[in-house]
Structures are given as C-alpha cells and as structure tokens.
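For reference, upload.txt (compact mmCIF, C-alpha atoms):
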# COMPACT_ATOMS: atom_id res chain seq x y z
CA MET A 1 45.86 -166.26 1.86
CA ARG A 2 42.23 -165.99 3.01
CA ASN A 3 43.10 -163.42 5.67
CA LYS A 4 45.04 -161.32 3.15
CA ILE A 5 42.05 -161.19 0.82
CA VAL A 6 39.65 -160.27 3.62
CA LYS A 7 42.05 -157.56 4.75
CA LYS A 8 42.17 -156.22 1.17
CA ILE A 9 38.37 -156.20 0.99
CA ASP A 10 38.13 -154.31 4.28
CA TYR A 11 40.52 -151.73 2.88
CA LEU A 12 38.43 -151.34 -0.27
CA LEU A 13 35.22 -151.01 1.75
CA ASP A 14 36.85 -148.26 3.80
CA LEU A 15 38.08 -146.66 0.57
CA ALA A 16 34.52 -146.66 -0.78
CA ASP A 17 33.29 -145.00 2.42
CA ARG A 18 35.99 -142.33 2.16
CA PHE A 19 35.12 -141.74 -1.47
CA GLU A 20 31.43 -141.28 -0.70
CA ALA A 21 32.31 -138.98 2.20
CA SER A 22 34.35 -136.81 -0.18
CA ALA A 23 31.16 -135.65 -1.94
CA GLU A 24 30.74 -131.88 -1.91
CA PRO A 25 27.90 -129.77 -3.37
CA SER A 26 29.04 -127.83 -6.41
CA THR A 27 27.75 -126.08 -9.52
CA ALA A 28 28.55 -126.46 -13.19
CA ASP A 29 27.98 -124.22 -16.17
CA MET A 30 27.43 -125.96 -19.51
CA GLY A 31 26.84 -122.69 -21.39
CA PHE A 32 23.13 -122.48 -20.74
CA GLY A 33 23.16 -121.60 -17.07
CA GLU A 34 24.47 -123.08 -13.85
CA PHE A 35 23.05 -126.20 -12.28
CA ALA A 36 23.72 -128.06 -9.04
CA THR A 37 26.07 -131.04 -9.10
CA THR A 38 28.31 -133.01 -6.76
CA LYS A 39 32.10 -132.96 -6.68
CA TYR A 40 34.04 -136.11 -5.70
CA ASN A 41 37.67 -137.04 -5.02
CA VAL A 42 38.63 -138.55 -8.38
CA GLU A 43 41.87 -140.07 -7.08
CA LEU A 44 39.99 -142.11 -4.49
CA TYR A 45 37.55 -143.20 -7.18
CA ALA A 46 40.32 -144.31 -9.55
CA GLU A 47 41.94 -146.41 -6.82
CA LEU A 48 38.61 -147.92 -5.79
CA LYS A 49 37.67 -148.75 -9.37
CA ASN A 50 40.95 -150.33 -10.44
CA SER A 51 41.70 -152.18 -7.20
CA THR A 52 38.19 -153.61 -6.88
CA LYS A 53 38.11 -154.80 -10.49
CA SER A 54 41.56 -156.35 -10.12
CA LEU A 55 40.59 -158.27 -6.99
CA VAL A 56 37.31 -159.59 -8.40
CA LEU A 57 39.03 -160.59 -11.65
CA LYS A 58 41.60 -162.60 -9.70
CA LEU A 59 38.98 -164.42 -7.66
CA TYR A 60 36.23 -165.03 -10.20
CA GLY A 61 37.43 -164.30 -13.73
CA ASN A 62 36.00 -161.85 -16.24
CA GLU A 63 32.77 -163.75 -16.99
CA HIS A 64 31.41 -163.94 -13.46
CA PRO A 65 28.37 -161.72 -12.67
CA TYR A 66 30.33 -159.93 -9.93
CA TYR A 67 32.92 -158.77 -12.45
CA THR A 68 30.50 -157.91 -15.27
CA ASP A 69 28.32 -155.99 -12.80
CA LEU A 70 31.33 -154.02 -11.58
CA ASN A 71 32.32 -153.19 -15.15
CA LYS A 72 28.89 -151.68 -15.74
CA SER A 73 28.42 -149.89 -12.43
CA LEU A 74 31.92 -148.42 -12.03
CA THR A 75 31.56 -146.32 -15.17
CA ASN A 76 30.34 -143.48 -12.94
CA PHE A 77 30.72 -142.29 -9.37
CA GLY A 78 27.42 -143.87 -8.32
CA GLY A 79 28.97 -147.31 -8.82
CA ALA A 80 30.84 -147.01 -5.52
CA LYS A 81 27.71 -148.02 -3.62
CA ASN A 82 27.24 -151.12 -5.77
CA SER A 83 30.88 -152.07 -5.34
CA LYS A 84 30.40 -152.07 -1.56
CA GLY A 85 27.58 -154.58 -1.89
CA ILE A 86 29.64 -156.86 -4.12
CA LEU A 87 32.70 -156.64 -1.88
CA THR A 88 30.63 -157.47 1.19
CA ALA A 89 29.14 -160.52 -0.54
CA ILE A 90 32.60 -161.71 -1.59
CA LYS A 91 33.92 -161.23 1.94
CA LEU A 92 31.19 -163.48 3.34
CA GLU A 93 31.89 -166.16 0.72
CA ILE A 94 35.61 -166.12 1.52
CA GLN A 95 35.04 -166.26 5.27
CA ASP A 96 32.82 -169.30 4.71
CA GLY A 97 35.66 -170.93 2.74
CA PHE A 98 33.60 -171.19 -0.44
CA ILE A 99 35.67 -169.25 -2.96
CA LEU A 100 39.13 -170.67 -2.40
CA SER A 101 37.98 -174.29 -2.17
CA ILE A 102 35.97 -174.05 -5.40
CA ARG A 103 38.76 -172.23 -7.21
CA ASP A 104 41.34 -174.83 -6.22
CA LEU A 105 39.11 -177.71 -7.29
CA LEU A 106 38.34 -176.11 -10.63
CA SER A 107 42.00 -175.31 -11.26
CA ALA A 108 43.03 -178.92 -10.68
CA GLU A 109 40.17 -180.29 -12.79
CA ILE A 110 40.76 -177.90 -15.68
CA PHE A 111 44.51 -178.58 -15.63
CA THR A 112 43.95 -182.34 -15.81
CA ASP A 113 41.41 -182.05 -18.64
CA PHE A 114 43.65 -179.88 -20.82
CA ILE A 115 46.79 -181.91 -20.16
CA GLU A 116 44.95 -185.08 -21.16
CA MET A 117 43.73 -183.33 -24.31
CA ALA A 118 47.28 -182.28 -25.18
CA GLU A 119 48.56 -185.81 -24.56
CA TYR A 120 45.95 -187.21 -26.94
CA LEU A 121 46.80 -184.67 -29.64
CA LEU A 122 50.51 -185.46 -29.36
CA LYS A 123 49.79 -189.17 -29.55
CA GLU A 124 47.90 -188.52 -32.79
CA LYS A 125 50.81 -186.34 -34.04
CA TYR A 126 48.86 -183.07 -33.88
CA LYS A 127 51.72 -181.10 -32.39
CA ASP A 128 50.41 -177.64 -33.30
CA PRO A 129 47.09 -177.55 -31.39
CA ALA A 130 48.82 -179.42 -28.57
CA ALA A 131 51.42 -176.65 -28.31
CA VAL A 132 48.71 -173.97 -28.10
CA ILE A 133 46.83 -175.87 -25.39
CA ILE A 134 49.93 -176.54 -23.29
CA GLY A 135 50.99 -172.90 -23.60
CA SER A 136 47.56 -171.77 -22.46
CA VAL A 137 47.76 -174.08 -19.45
CA LEU A 138 51.14 -172.57 -18.57
CA GLU A 139 49.88 -168.99 -18.91
CA ASN A 140 46.82 -169.78 -16.81
CA ARG A 141 49.09 -171.23 -14.13
CA LEU A 142 51.13 -168.02 -14.09
CA ARG A 143 47.95 -165.99 -13.54
CA LEU A 144 46.89 -168.27 -10.70
CA LEU A 145 50.32 -167.90 -9.10
CA MET A 146 50.01 -164.12 -9.36
CA SER A 147 46.62 -164.21 -7.65
CA ALA A 148 47.75 -166.66 -4.97
CA ASN A 149 50.65 -164.37 -4.09
CA ASP A 150 48.59 -161.16 -4.19
CA ILE A 151 50.39 -159.74 -7.24
CA ASP A 152 48.31 -157.56 -9.55
CA ILE A 153 47.41 -159.25 -12.86
CA LEU A 154 46.21 -155.99 -14.41
CA ASP A 155 48.45 -153.24 -15.76
CA ASN A 156 48.07 -149.54 -14.92
CA LYS A 157 45.44 -149.23 -17.65
CA GLY A 158 43.30 -151.95 -16.12
CA LYS A 159 44.12 -154.51 -18.82
CA PRO A 160 45.40 -158.07 -18.17
CA LYS A 161 49.18 -158.25 -18.21
CA LYS A 162 50.93 -160.28 -20.90
CA ALA A 163 52.29 -163.70 -20.04
CA SER A 164 55.87 -162.44 -20.37
CA SER A 165 55.20 -159.77 -17.75
CA LEU A 166 53.63 -162.33 -15.41
CA ASN A 167 56.73 -164.49 -15.74
CA ASP A 168 59.09 -161.61 -14.99
CA GLU A 169 57.10 -160.45 -11.96
CA LEU A 170 56.81 -163.93 -10.48
CA TYR A 171 60.56 -164.39 -10.83
CA LYS A 172 61.24 -161.01 -9.20
CA ALA A 173 58.89 -161.96 -6.36
CA ASP A 174 61.00 -165.10 -5.81
CA ILE A 175 58.09 -167.44 -6.56
CA TYR A 176 60.47 -169.51 -8.68
CA GLY A 177 64.09 -169.28 -9.82
CA LYS A 178 65.99 -168.06 -12.86
CA LEU A 179 66.03 -171.47 -14.56
CA ASP A 180 62.23 -171.66 -14.53
CA GLN A 181 61.97 -168.05 -15.66
CA LYS A 182 64.16 -168.72 -18.70
CA SER A 183 62.40 -172.00 -19.47
CA ILE A 184 59.00 -170.30 -19.39
CA VAL A 185 60.24 -167.65 -21.83
CA ALA A 186 61.18 -170.42 -24.26
CA TRP A 187 57.94 -172.36 -23.88
CA LEU A 188 55.79 -169.27 -24.23
CA ASP A 189 57.69 -168.44 -27.41
CA LEU A 190 56.95 -171.92 -28.76
CA ARG A 191 53.27 -171.43 -27.93
CA ASN A 192 53.28 -168.11 -29.79
CA GLN A 193 54.92 -169.71 -32.82
CA ALA A 194 52.14 -172.30 -32.89
CA ALA A 195 49.39 -169.72 -32.36
CA HIS A 196 50.68 -167.64 -35.29
CA GLY A 197 51.01 -170.56 -37.67
CA HIS A 198 54.81 -170.82 -37.68
CA TYR A 199 54.66 -174.59 -37.51
CA ASP A 200 58.12 -175.19 -38.97
CA GLN A 201 59.82 -173.41 -36.06
CA TYR A 202 59.47 -176.38 -33.68
CA ASN A 203 58.94 -180.13 -33.81
CA GLN A 204 56.95 -182.90 -32.12
CA GLN A 205 59.72 -183.72 -29.64
CA GLN A 206 59.94 -180.11 -28.44
CA VAL A 207 56.20 -180.00 -27.78
CA GLU A 208 56.50 -183.24 -25.82
CA MET A 209 59.30 -181.65 -23.77
CA MET A 210 57.06 -178.62 -23.22
CA LEU A 211 54.28 -180.87 -21.91
CA ASN A 212 56.66 -182.61 -19.49
CA TYR A 213 57.96 -179.27 -18.26
CA VAL A 214 54.51 -177.79 -17.64
CA ARG A 215 53.36 -180.91 -15.81
CA ASP A 216 56.46 -180.81 -13.59
CA PHE A 217 56.19 -177.04 -13.05
CA VAL A 218 52.60 -177.26 -11.85
CA ASN A 219 53.43 -180.06 -9.41
CA ARG A 220 56.55 -178.30 -8.15
CA VAL A 221 55.48 -174.65 -7.90
CA ARG A 222 52.37 -174.74 -5.76
CA LEU A 223 49.66 -172.12 -5.35
Have the structure of the file written as structure tokens, please.
Amino acid sequence: MRNKIVKKIDYLLDLADRFEASAEPSTADMGFGEFATTKYNVELYAELKNSTKSLVLKLYGNEHPYYTDLNKSLTNFGGAKNSKGILTAIKLEIQDGFILSIRDLLSAEIFTDFIEMAEYLLKEKYKDPAAVIIGSVLENRLRLLMSANDIDILDNKGKPKKASSLNDELYKADIYGKLDQKSIVAWLDLRNQAAHGHYDQYNQQQVEMMLNYVRDFVNRVRL
C-alpha cells in the first residue's frame, strides 16, 4: 500500500513538472489593448488538480491543512508549484511510516468509540440516534476501504461519492461479495430512514442486527 501511494505521488510530481513546462508566452485582448500572458495545458492542470485533491483527501480528510491549502491554491495555475511542495512533504511522511500508522490507529479508536456509543443508546432504547451513528460508521468504513484499495472516492466533479456508489464499486472490485453488497444496501437504507425522521420504518431489533453486522463486517473485511 505504501509503495503504491509513493508511486502515485511521484506520478503527480512529474505531472506538475510537465504542466509547468507547458507554459508558453501568449497575448490576450480584453477590448482595451493586448497584454502579455502565459498559456498552459489545461488538460494537464485538470488532471493534476483533481488527482492531487483526491489523494490528499483519502490520506488526511477534508479538514487537514494540506487539503485546505490545496483547495485554495489550486484555484489557479500558480497552485501547481504549491501542490509540489505538499506532495513532497506527504511523500516524506509516508516513507517514514507516519501517515499509515496514525491513520490505522485513529480508525480503530474512532470505530470503538462510536460502536460503544451506539451500544449505550440501544441499551437505553434510543434506536434512532443509534441507527444514524452505526450507519455513519459503516459509510466511513467503506471510504477507508476505497482508500486502502486505491479506488477514487471523488466523482468526476471532484465531489465525494455517495455511500451507495462506494458500495457498488467495492463489490465490483471484489473487495467483498454479493451478500455483503446487498446487506450494506439494506443497512444504509435503514440509516437514511433514521436520518430523515422515518422512525416507524424500522424497530429496535433491526438496529441491533445492524450493529452486529457492522461489527462483524469491520472485523472480517480488513483494510
């Protein structure tokens, strides 16, 4: 996994170099005379922008300074230089083993905390918030599986894919079988019912079954 990410970063660094090398002097006329400008390969820029943001989102999430910095800088062609600096820093962190070890530890800790919270809510007969929490844990696990298997979690517009799409793509990639794929469809639907206030569409026992399934799924389908 680590080598695949480093290889991807090397590709993006080379892509940034090729983009910068594509710069050509040009002129533009805005109606009040010509002025000098620079012309770039927009296709290279689009690939650099979307692929870099996707990778950083997978590794760090959307609140990390690396990702927020990229969002700001990649709004114009000059952001390519900044992206090279961020990618180089990430590469060093991965080679030192920092990123993956921290991510794995946090994933396990967060999973345990939320599962315990859901168990408490079910014990107190609060099935509705428990269903939302368990569904969120399941969706987060799907995103982690996508990242661990180098599958893009962003759509072609640069937006996070829906949980249903993650489920379909993981099944097609043979990460898990048809039975899990169908089960996840059902549990995500239950989560959506809870999130939208349709509390009469499921009962306490079904949420308990959902919790047992998610716990088993996480233990069985490893990152």
For A:Phe77, the nearest of the candidates A:Gln95, A:Asn3, A:Ser165, A:Asn41, counting all atoms listed in the file:
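Of the candidates, the smallest distance to A:Phe77 is held by A:Asn41.
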Neighbour list for stretch 173-178 of chain A as a PyMOL selection string, cut-off 12 Å, all atoms listed in the file, skip fewer than 2 positions in-chain
chain A and resi 142+144-152+166-171+180-185+217-218+220-223
Can I get the selection written as a PDB file, in the frame of the given file, with C-alpha atoms?
ATOM      1  CA  LEU A 142      51.130-168.020 -14.090  1.00  0.00           C
ATOM      2  CA  LEU A 144      46.890-168.270 -10.700  1.00  0.00           C
ATOM      3  CA  LEU A 145      50.320-167.900  -9.100  1.00  0.00           C
ATOM      4  CA  MET A 146      50.010-164.120  -9.360  1.00  0.00           C
ATOM      5  CA  SER A 147      46.620-164.210  -7.650  1.00  0.00           C
ATOM      6  CA  ALA A 148      47.750-166.660  -4.970  1.00  0.00           C
ATOM      7  CA  ASN A 149      50.650-164.370  -4.090  1.00  0.00           C
ATOM      8  CA  ASP A 150      48.590-161.160  -4.190  1.00  0.00           C
ATOM      9  CA  ILE A 151      50.390-159.740  -7.240  1.00  0.00           C
ATOM     10  CA  ASP A 152      48.310-157.560  -9.550  1.00  0.00           C
ATOM     11  CA  LEU A 166      53.630-162.330 -15.410  1.00  0.00           C
ATOM     12  CA  ASN A 167      56.730-164.490 -15.740  1.00  0.00           C
ATOM     13  CA  ASP A 168      59.090-161.610 -14.990  1.00  0.00           C
ATOM     14  CA  GLU A 169      57.100-160.450 -11.960  1.00  0.00           C
ATOM     15  CA  LEU A 170      56.810-163.930 -10.480  1.00  0.00           C
ATOM     16  CA  TYR A 171      60.560-164.390 -10.830  1.00  0.00           C
ATOM     17  CA  ASP A 180      62.230-171.660 -14.530  1.00  0.00           C
ATOM     18  CA  GLN A 181      61.970-168.050 -15.660  1.00  0.00           C
ATOM     19  CA  LYS A 182      64.160-168.720 -18.700  1.00  0.00           C
ATOM     20  CA  SER A 183      62.400-172.000 -19.470  1.00  0.00           C
ATOM     21  CA  ILE A 184      59.000-170.300 -19.390  1.00  0.00           C
ATOM     22  CA  VAL A 185      60.240-167.650 -21.830  1.00  0.00           C
ATOM     23  CA  PHE A 217      56.190-177.040 -13.050  1.00  0.00           C
ATOM     24  CA  VAL A 218      52.600-177.260 -11.850  1.00  0.00           C
ATOM     25  CA  ARG A 220      56.550-178.300  -8.150  1.00  0.00           C
ATOM     26  CA  VAL A 221      55.480-174.650  -7.900  1.00  0.00           C
ATOM     27  CA  ARG A 222      52.370-174.740  -5.760  1.00  0.00           C
ATOM     28  CA  LEU A 223      49.660-172.120  -5.350  1.00  0.00           C
TER      29      LEU A 223
END
Got a sec: who's within 9 Å of A:Tyr67, counting only C-alpha atoms, leaving out chain neighbours fewer than 5 positions off, as a ChimeraX atom specification?
/A:53,56-57,60-62,72
At what distance in Å, to one decimal, does atom CA of A:Ser22 lie from atom CA of A:Leu92?
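We find that atom CA of A:Leu92 and atom CA of A:Ser22 lie 27.1 Å from each other.
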How many Å lie between atom CA of A:Ser136 and atom CA of A:Ala163, rounded to one decimal?
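Atom CA of A:Ala163 lies 9.7 Å from atom CA of A:Ser136.
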So how far away is atom CA of A:Lys172 from atom CA of A:Tyr202, in Å?
29.0 Å
Skip A:Glu20 itself and residues of its chain fewer than 4 positions away, then list as a list in words all residues within 8 Å of it, counting all atoms listed in the file.
Ala16, Tyr40 and Ala80 of chain A
Proximity to A:Leu15 - best of A:Gly79, A:Leu211, A:Ile134, A:Lys84, only C-alpha atoms
A:Lys84
For stretch 120-131 of chain A: contacts at 12 Å, only C-alpha atoms, fewer than 5 positions along chain excluded, given as a ChimeraX atom specification
/A:113-115,136-138,187-212,214
Take the residues that were just selected and, keeping C-alpha atoms, output them as a tab-separated table (two decimals), in the frame of the given file.
chain	number	residue	atom	x	y	z
A	113	ASP	CA	41.41	-182.05	-18.64
A	114	PHE	CA	43.65	-179.88	-20.82
A	115	ILE	CA	46.79	-181.91	-20.16
A	136	SER	CA	47.56	-171.77	-22.46
A	137	VAL	CA	47.76	-174.08	-19.45
A	138	LEU	CA	51.14	-172.57	-18.57
A	187	TRP	CA	57.94	-172.36	-23.88
A	188	LEU	CA	55.79	-169.27	-24.23
A	189	ASP	CA	57.69	-168.44	-27.41
A	190	LEU	CA	56.95	-171.92	-28.76
A	191	ARG	CA	53.27	-171.43	-27.93
A	192	ASN	CA	53.28	-168.11	-29.79
A	193	GLN	CA	54.92	-169.71	-32.82
A	194	ALA	CA	52.14	-172.30	-32.89
A	195	ALA	CA	49.39	-169.72	-32.36
A	196	HIS	CA	50.68	-167.64	-35.29
A	197	GLY	CA	51.01	-170.56	-37.67
A	198	HIS	CA	54.81	-170.82	-37.68
A	199	TYR	CA	54.66	-174.59	-37.51
A	200	ASP	CA	58.12	-175.19	-38.97
A	201	GLN	CA	59.82	-173.41	-36.06
A	202	TYR	CA	59.47	-176.38	-33.68
A	203	ASN	CA	58.94	-180.13	-33.81
A	204	GLN	CA	56.95	-182.90	-32.12
A	205	GLN	CA	59.72	-183.72	-29.64
A	206	GLN	CA	59.94	-180.11	-28.44
A	207	VAL	CA	56.20	-180.00	-27.78
A	208	GLU	CA	56.50	-183.24	-25.82
A	209	MET	CA	59.30	-181.65	-23.77
A	210	MET	CA	57.06	-178.62	-23.22
A	211	LEU	CA	54.28	-180.87	-21.91
A	212	ASN	CA	56.66	-182.61	-19.49
A	214	VAL	CA	54.51	-177.79	-17.64
A:Ser51 environment, 12 Å, all atoms listed in the file, sequence neighbours closer than 2 positions dropped, as an NGL selection string:
:A and (8-9 or 11-13 or 15-16 or 44-49 or 53-58 or 70 or 74 or 83 or 87 or 150-158)
Find, counting only C-alpha atoms, the residue in A:Ala186, A:Ile94, A:Val42, A:Ala118 that gets nearest to A:Lys4.
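Between A:Ala186, A:Ile94, A:Val42, A:Ala118, the residue approaching A:Lys4 most closely is A:Ile94.
Distance check against A:Asn71 using all atoms listed in the file: of A:Leu179, A:Ile133, A:Ile86, A:Val6, the minimum falls on A:Ile86.
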Here is a test: counting only C-alpha atoms, which residue of A:Ser164, A:Val132, A:Arg141, A:Asp96 is nearest to A:Asn219?
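Closest to A:Asn219 of all the choices is A:Arg141.
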Please determine an axis-aligned box that encloses all atoms of stretch 128-135 of chain A listed in the file, with 6 Å added on each side, and express its centre and edge lengths in Å to one decimal as lines of an AutoDock Vina configuration file.
center_x = 49.1
center_y = -176.2
center_z = -28.3
size_x = 16.6
size_y = 18.5
size_z = 22.0
Restricting the calculation to all atoms listed in the file: of A:Gly78, A:Ile5, A:Ile90, A:Asp69, which residue gets closest to A:Lys39?
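Answer, going by the shortest atom-to-atom distance: A:Gly78.
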